[in-house]
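Enquirer: Dropping the structure in here first, questions after.
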Amino acid sequence: MRSALFNAYYWVLSIFYGLSAALSALLPGRRPVAFALRLYSQRMLWALRTFAGIRIDLKGQENLPKGAFIIAAKHHSWGDGFVMFANVENLSFVTGDHLEKFPLVGAILKKLGAIVVDSCGGPEARKALSENAAQVAAEGRRILIYPEGRLAAPGERFRYRTGVYYMSQDFNLPVVPVATNLGCFWKQQEKAKTPGQATIEFLPPIMPGLAKEAFMERLEDVIETRTNELIAQATGKPVRTSALVEWNGRDNVAATAVELPAT
C-alpha cells in the first residue's frame with residue numbers, strides 16, 4: 001500500500017511539475033525552471049518519507065567546498081537525484097541524450113543548462129562533455145555526474161568512466177564523491193519500496209592535480225568502500241566488496257542483489 005501511494009503521488013507530481021518546468025522554460029534565464037526542479041525534488045522527498053516510509057539521512061555536508069565543484073555520486077535509484085537537487089544549490093547535471101526523446105524534456109534540459117552527452121560514450125561524448133561543461137563551470141555552478149553512467153543495484157558496480165576526471169582537470173574543480181545505500185530501500189527503477197532510513201553521504205573532496213589513473217582509482221575506491229559500508233549498515237550483513245558487472249546494452253549481466261533482512 002505504501003509503495004502504491006507513493007507511486008501514484010510520484011506520477012501526479014511529475015506530470016504537474018513537468019508542465020510547470022516547461023512553462024518556466026519560456027521565461028528569461030534559468031532561475032524559474034531551476035526553482036521548479038528544486039521544489040519538485042523537495043516535494044518528492046516529502047512523499048518518500050510520508051508515503052513510502054523512507055527517511056533520508058544526509059551526511060557530510062561540511063565536505064562541500066565553496067563555489068563551483070563537481071559531485072561524483074553513486075547512482076542507486078531515481079531518488080538520488082531528488083536528494084541532490086533538494087539540498088545542493090545552483091546545480092547542473094550531466095545526462096545522456098536519451099532523455100531528449102521525452103516530450104518537453106529537451107527544452108527543459110536546455111534551459112537548465114544540463115550537460116547532455118551521447119549515452120554510448122566515446123571520443124565525441126568526451127569532447128561534448130568538455131565543451132558543454134565550460135559555460136557551466138565559468139558561471140560557478142556545481143555539476144552533478146554519475147561516473148558509472150547508469151543505475152547500479154546495491155552490491156554491484158560498473159566501470160567508472162573518465163569524464164569526471166577530464167572535467168576536474170579542464171576546469172580545475174574539486175570532486176566530491178558521494179556514497180549511498182538508498183538502493184536498499186528504492187532499488188533502481190523498481191516500483192516496490194522498503195521503509196527505513198537511507199543514508200547519502202558527501203565524502204571529502206578530491207582536489208585536481210592527480211594523474212588520471214590515480215584519480216580514477218581513488219574515486220572508485222572511496223565511493224565503493226563507503227557505499228558497501230552503508231549497505232552493510234542497512235542490511236545488518238557483513239561488508240562485502242561490490243561485484244563488477246558488465247552491461248549488454250539492456251540488462252545487467254551477473255548482477256548481484258542485496259536484500260534487507262526480513263522483519
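Chain labels A, B, ... are given in the sequence in which chains occur in the C-alpha cells; within each chain residues are numbered consecutively from 1, and ligands are likewise numbered from 1 in the order shown.
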Using only C-alpha atoms, find each residue in range 4-99 of chain A having at least one atom no more than 8 Å away from range 135-143 of chain A; report its shortest atom-to-atom pair and that distance in Å (one decimal), rows by chain then rising number, as a Markdown table.
Expert:
| residue | atom | partner | partner_atom | distance |
| --- | --- | --- | --- | --- |
| A:Gly67 | CA | A:Gly140 | CA | 6.2 |
| A:Ala68 | CA | A:Gly140 | CA | 4.7 |
| A:Phe69 | CA | A:Arg142 | CA | 5.1 |
| A:Ile70 | CA | A:Ile143 | CA | 4.7 |
| A:Ile71 | CA | A:Ile143 | CA | 6.0 |
| A:Glu89 | CA | A:Arg142 | CA | 7.8 |
| A:Asn90 | CA | A:Arg141 | CA | 5.4 |
| A:Leu91 | CA | A:Arg142 | CA | 4.7 |
| A:Ser92 | CA | A:Ile143 | CA | 4.9 |
| A:Phe93 | CA | A:Ile143 | CA | 5.1 |
| A:Val94 | CA | A:Ile143 | CA | 7.2 |
Enquirer: At a cut-off of 12 Å, using only C-alpha atoms, what residues contact Gly81 in chain A? Leave out same-chain residues fewer than 5 positions from it and give the result as a ChimeraX atom specification.
Expert: /A:37-38,40-42,44-45,71-76,86-88,91-95,144-146,151,178,180,182,188,200
Enquirer: Quick one: residues within 8 Å of range 191-199 of chain A, only C-alpha atoms counted, chain neighbours fewer than 3 positions away excluded, as a ChimeraX atom specification?
Expert: /A:2-4,7,52-59,180-182,184-187,230,234
Enquirer: For a test of reading the model, state the distance in Å between CA of Leu244 in chain A and CA of Arg157 in chain A, rounded to one decimal.
Expert: 5.0 Å
Enquirer: Write out as a tab-separated table (two decimals) with N, CA, C and O atoms, in the first residue's frame which residues come within 9 Å of Pro65 in chain A when counting only C-alpha atoms, dropping same-chain ones fewer than 5 positions away.
Expert:
chain	number	residue	atom	x	y	z
A	174	PRO	N	37.42	20.81	-7.71
A	174	PRO	CA	37.45	19.66	-6.81
A	174	PRO	C	36.26	18.74	-7.08
A	174	PRO	O	35.21	19.19	-7.55
A	176	VAL	N	33.67	16.00	-5.33
A	176	VAL	CA	33.13	15.47	-4.08
A	176	VAL	C	32.48	14.12	-4.35
A	176	VAL	O	31.43	14.05	-5.01
A	205	PRO	N	36.49	15.99	-0.52
A	205	PRO	CA	36.75	16.23	-1.95
A	205	PRO	C	38.12	15.75	-2.39
A	205	PRO	O	39.08	15.72	-1.62
Enquirer: Mind checking which residues fall within 10 Å of Arg43 in chain A, counting only C-alpha atoms, ignoring those fewer than 6 positions away in the same chain, and posting them as number ranges by chain?
Expert: A: 9-10, 13, 37, 49, 82, 86
Enquirer: Would you please give, as a count of residues only, all residues of range 45-204 of chain A that DSSP assigns to alpha helix (DSSP H) based on the backbone?
Expert: 48
Enquirer: Report as a VMD selection string all protein, DNA and RNA residues lying within 7 Å of Glu148 in chain A, evaluated on only C-alpha atoms, omitting residues in the same chain fewer than 2 positions from it.
Expert: chain A and resid 146 150 158 to 161
Enquirer: With DSSP run on the backbone, what are the strand (DSSP E) residues within range 8-257 of chain A? I'd like them as a ChimeraX atom specification.
Expert: /A:54-59,70-73,91-96,115-117,142-145,156-157,175-180,196-202,243-244,246-247,252-253
Enquirer: Write a file of the selected residues as a PDB file, in the first residue's frame, keeping C-alpha atoms.
Expert:
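Generated output (selection13.pdb):
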ATOM      1  CA  ILE A  54      11.875   6.110   3.594  1.00  0.00           C
ATOM      2  CA  ARG A  55      13.748   8.746   5.587  1.00  0.00           C
ATOM      3  CA  ILE A  56      16.912  10.292   4.181  1.00  0.00           C
ATOM      4  CA  ASP A  57      19.904  10.873   6.464  1.00  0.00           C
ATOM      5  CA  LEU A  58      22.137  13.309   4.583  1.00  0.00           C
ATOM      6  CA  LYS A  59      25.691  13.360   5.914  1.00  0.00           C
ATOM      7  CA  ILE A  70      31.789  18.529  -9.147  1.00  0.00           C
ATOM      8  CA  ILE A  71      29.656  15.934  -7.363  1.00  0.00           C
ATOM      9  CA  ALA A  72      30.503  12.368  -8.433  1.00  0.00           C
ATOM     10  CA  ALA A  73      27.773  10.174  -6.990  1.00  0.00           C
ATOM     11  CA  LEU A  91      23.301  22.659  -9.528  1.00  0.00           C
ATOM     12  CA  SER A  92      23.634  21.499 -13.122  1.00  0.00           C
ATOM     13  CA  PHE A  93      23.998  17.884 -14.160  1.00  0.00           C
ATOM     14  CA  VAL A  94      25.403  15.564 -16.797  1.00  0.00           C
ATOM     15  CA  THR A  95      22.873  13.341 -18.545  1.00  0.00           C
ATOM     16  CA  GLY A  96      22.654  11.048 -21.541  1.00  0.00           C
ATOM     17  CA  ILE A 115      25.271  18.922 -19.929  1.00  0.00           C
ATOM     18  CA  VAL A 116      23.856  16.444 -22.464  1.00  0.00           C
ATOM     19  CA  VAL A 117      26.225  13.835 -23.914  1.00  0.00           C
ATOM     20  CA  ARG A 142      28.028  22.913  -9.293  1.00  0.00           C
ATOM     21  CA  ILE A 143      27.974  19.879 -11.605  1.00  0.00           C
ATOM     22  CA  LEU A 144      26.391  16.518 -10.744  1.00  0.00           C
ATOM     23  CA  ILE A 145      27.678  13.472 -12.598  1.00  0.00           C
ATOM     24  CA  GLU A 156      27.246  -4.090  -7.826  1.00  0.00           C
ATOM     25  CA  ARG A 157      29.332  -1.575  -9.678  1.00  0.00           C
ATOM     26  CA  VAL A 175      35.378  16.480  -6.979  1.00  0.00           C
ATOM     27  CA  VAL A 176      33.125  15.474  -4.076  1.00  0.00           C
ATOM     28  CA  PRO A 177      32.441  11.707  -4.068  1.00  0.00           C
ATOM     29  CA  VAL A 178      29.024  10.573  -2.801  1.00  0.00           C
ATOM     30  CA  ALA A 179      28.190   7.178  -1.279  1.00  0.00           C
ATOM     31  CA  THR A 180      24.692   5.832  -0.657  1.00  0.00           C
ATOM     32  CA  GLY A 196      13.615   2.546   6.621  1.00  0.00           C
ATOM     33  CA  GLN A 197      16.379   5.117   6.957  1.00  0.00           C
ATOM     34  CA  ALA A 198      18.601   5.536   3.923  1.00  0.00           C
ATOM     35  CA  THR A 199      21.933   7.349   4.073  1.00  0.00           C
ATOM     36  CA  ILE A 200      23.539   9.552   1.445  1.00  0.00           C
ATOM     37  CA  GLU A 201      26.972  10.862   2.364  1.00  0.00           C
ATOM     38  CA  PHE A 202      29.216  13.524   0.844  1.00  0.00           C
ATOM     39  CA  ALA A 243      30.783  -7.033  -7.829  1.00  0.00           C
ATOM     40  CA  LEU A 244      31.961  -5.566 -11.134  1.00  0.00           C
ATOM     41  CA  GLU A 246      29.141  -5.916 -17.468  1.00  0.00           C
ATOM     42  CA  TRP A 247      26.401  -4.186 -19.411  1.00  0.00           C
ATOM     43  CA  ASN A 252      22.838  -6.239 -16.038  1.00  0.00           C
ATOM     44  CA  VAL A 253      24.943  -9.335 -16.623  1.00  0.00           C
TER      45      VAL A 253
END
Enquirer: Give me the residues within 12 Å of Ala211 in chain A as a ChimeraX atom specification, counting only C-alpha atoms and dropping any in the same chain fewer than 5 places off.
Expert: /A:162,165-166,168-169,206,216-218
Enquirer: Could you turn the residues from that selection into a file that holds N, CA and C atoms, as a CSV table (one decimal), in the first residue's frame?
Expert:
chain,number,residue,atom,x,y,z
A,162,THR,N,35.8,8.1,-17.4
A,162,THR,CA,36.8,9.1,-17.1
A,162,THR,C,36.3,10.5,-17.3
A,165,TYR,N,37.0,12.9,-14.5
A,165,TYR,CA,38.4,13.3,-14.4
A,165,TYR,C,38.8,14.5,-15.3
A,166,TYR,N,38.3,14.4,-16.6
A,166,TYR,CA,38.6,15.4,-17.5
A,166,TYR,C,38.0,16.8,-17.1
A,168,SER,N,37.3,17.7,-14.1
A,168,SER,CA,38.0,18.3,-13.0
A,168,SER,C,39.3,19.0,-13.4
A,169,GLN,N,40.0,18.3,-14.4
A,169,GLN,CA,41.3,18.9,-14.8
A,169,GLN,C,41.1,20.1,-15.7
A,206,ILE,N,38.2,15.4,-3.7
A,206,ILE,CA,39.4,15.0,-4.3
A,206,ILE,C,39.9,16.3,-5.1
A,216,MET,N,41.1,8.1,-10.9
A,216,MET,CA,40.0,7.2,-11.1
A,216,MET,C,40.0,6.1,-10.0
A,217,GLU,N,41.2,5.6,-9.7
A,217,GLU,CA,41.3,4.6,-8.7
A,217,GLU,C,40.9,5.1,-7.3
A,218,ARG,N,41.3,6.3,-7.0
A,218,ARG,CA,40.9,6.8,-5.7
A,218,ARG,C,39.4,7.1,-5.6
Enquirer: Take CA of Lys212 in chain A and CA of Gly163 in chain A and report the distance between them in Å, one decimal.
Expert: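 CA of Gly163 in chain A lies at a distance of 10.4 Å from CA of Lys212 in chain A.
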Enquirer: Can you work out which one of A:Thr227, A:Gly209, A:Ala232, A:Ala47 has the shortest atom-to-atom distance to Trp11 in chain A, counting only C-alpha atoms?
Expert: A:Ala47
Enquirer: From the set A:Gly183, A:Pro32, A:Pro238, A:Gly18, which residue has the shortest atom-to-atom contact distance to Ser77 in chain A, counting only C-alpha atoms?
Expert: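 The answer is A:Gly183, which sits nearest to Ser77 in chain A.
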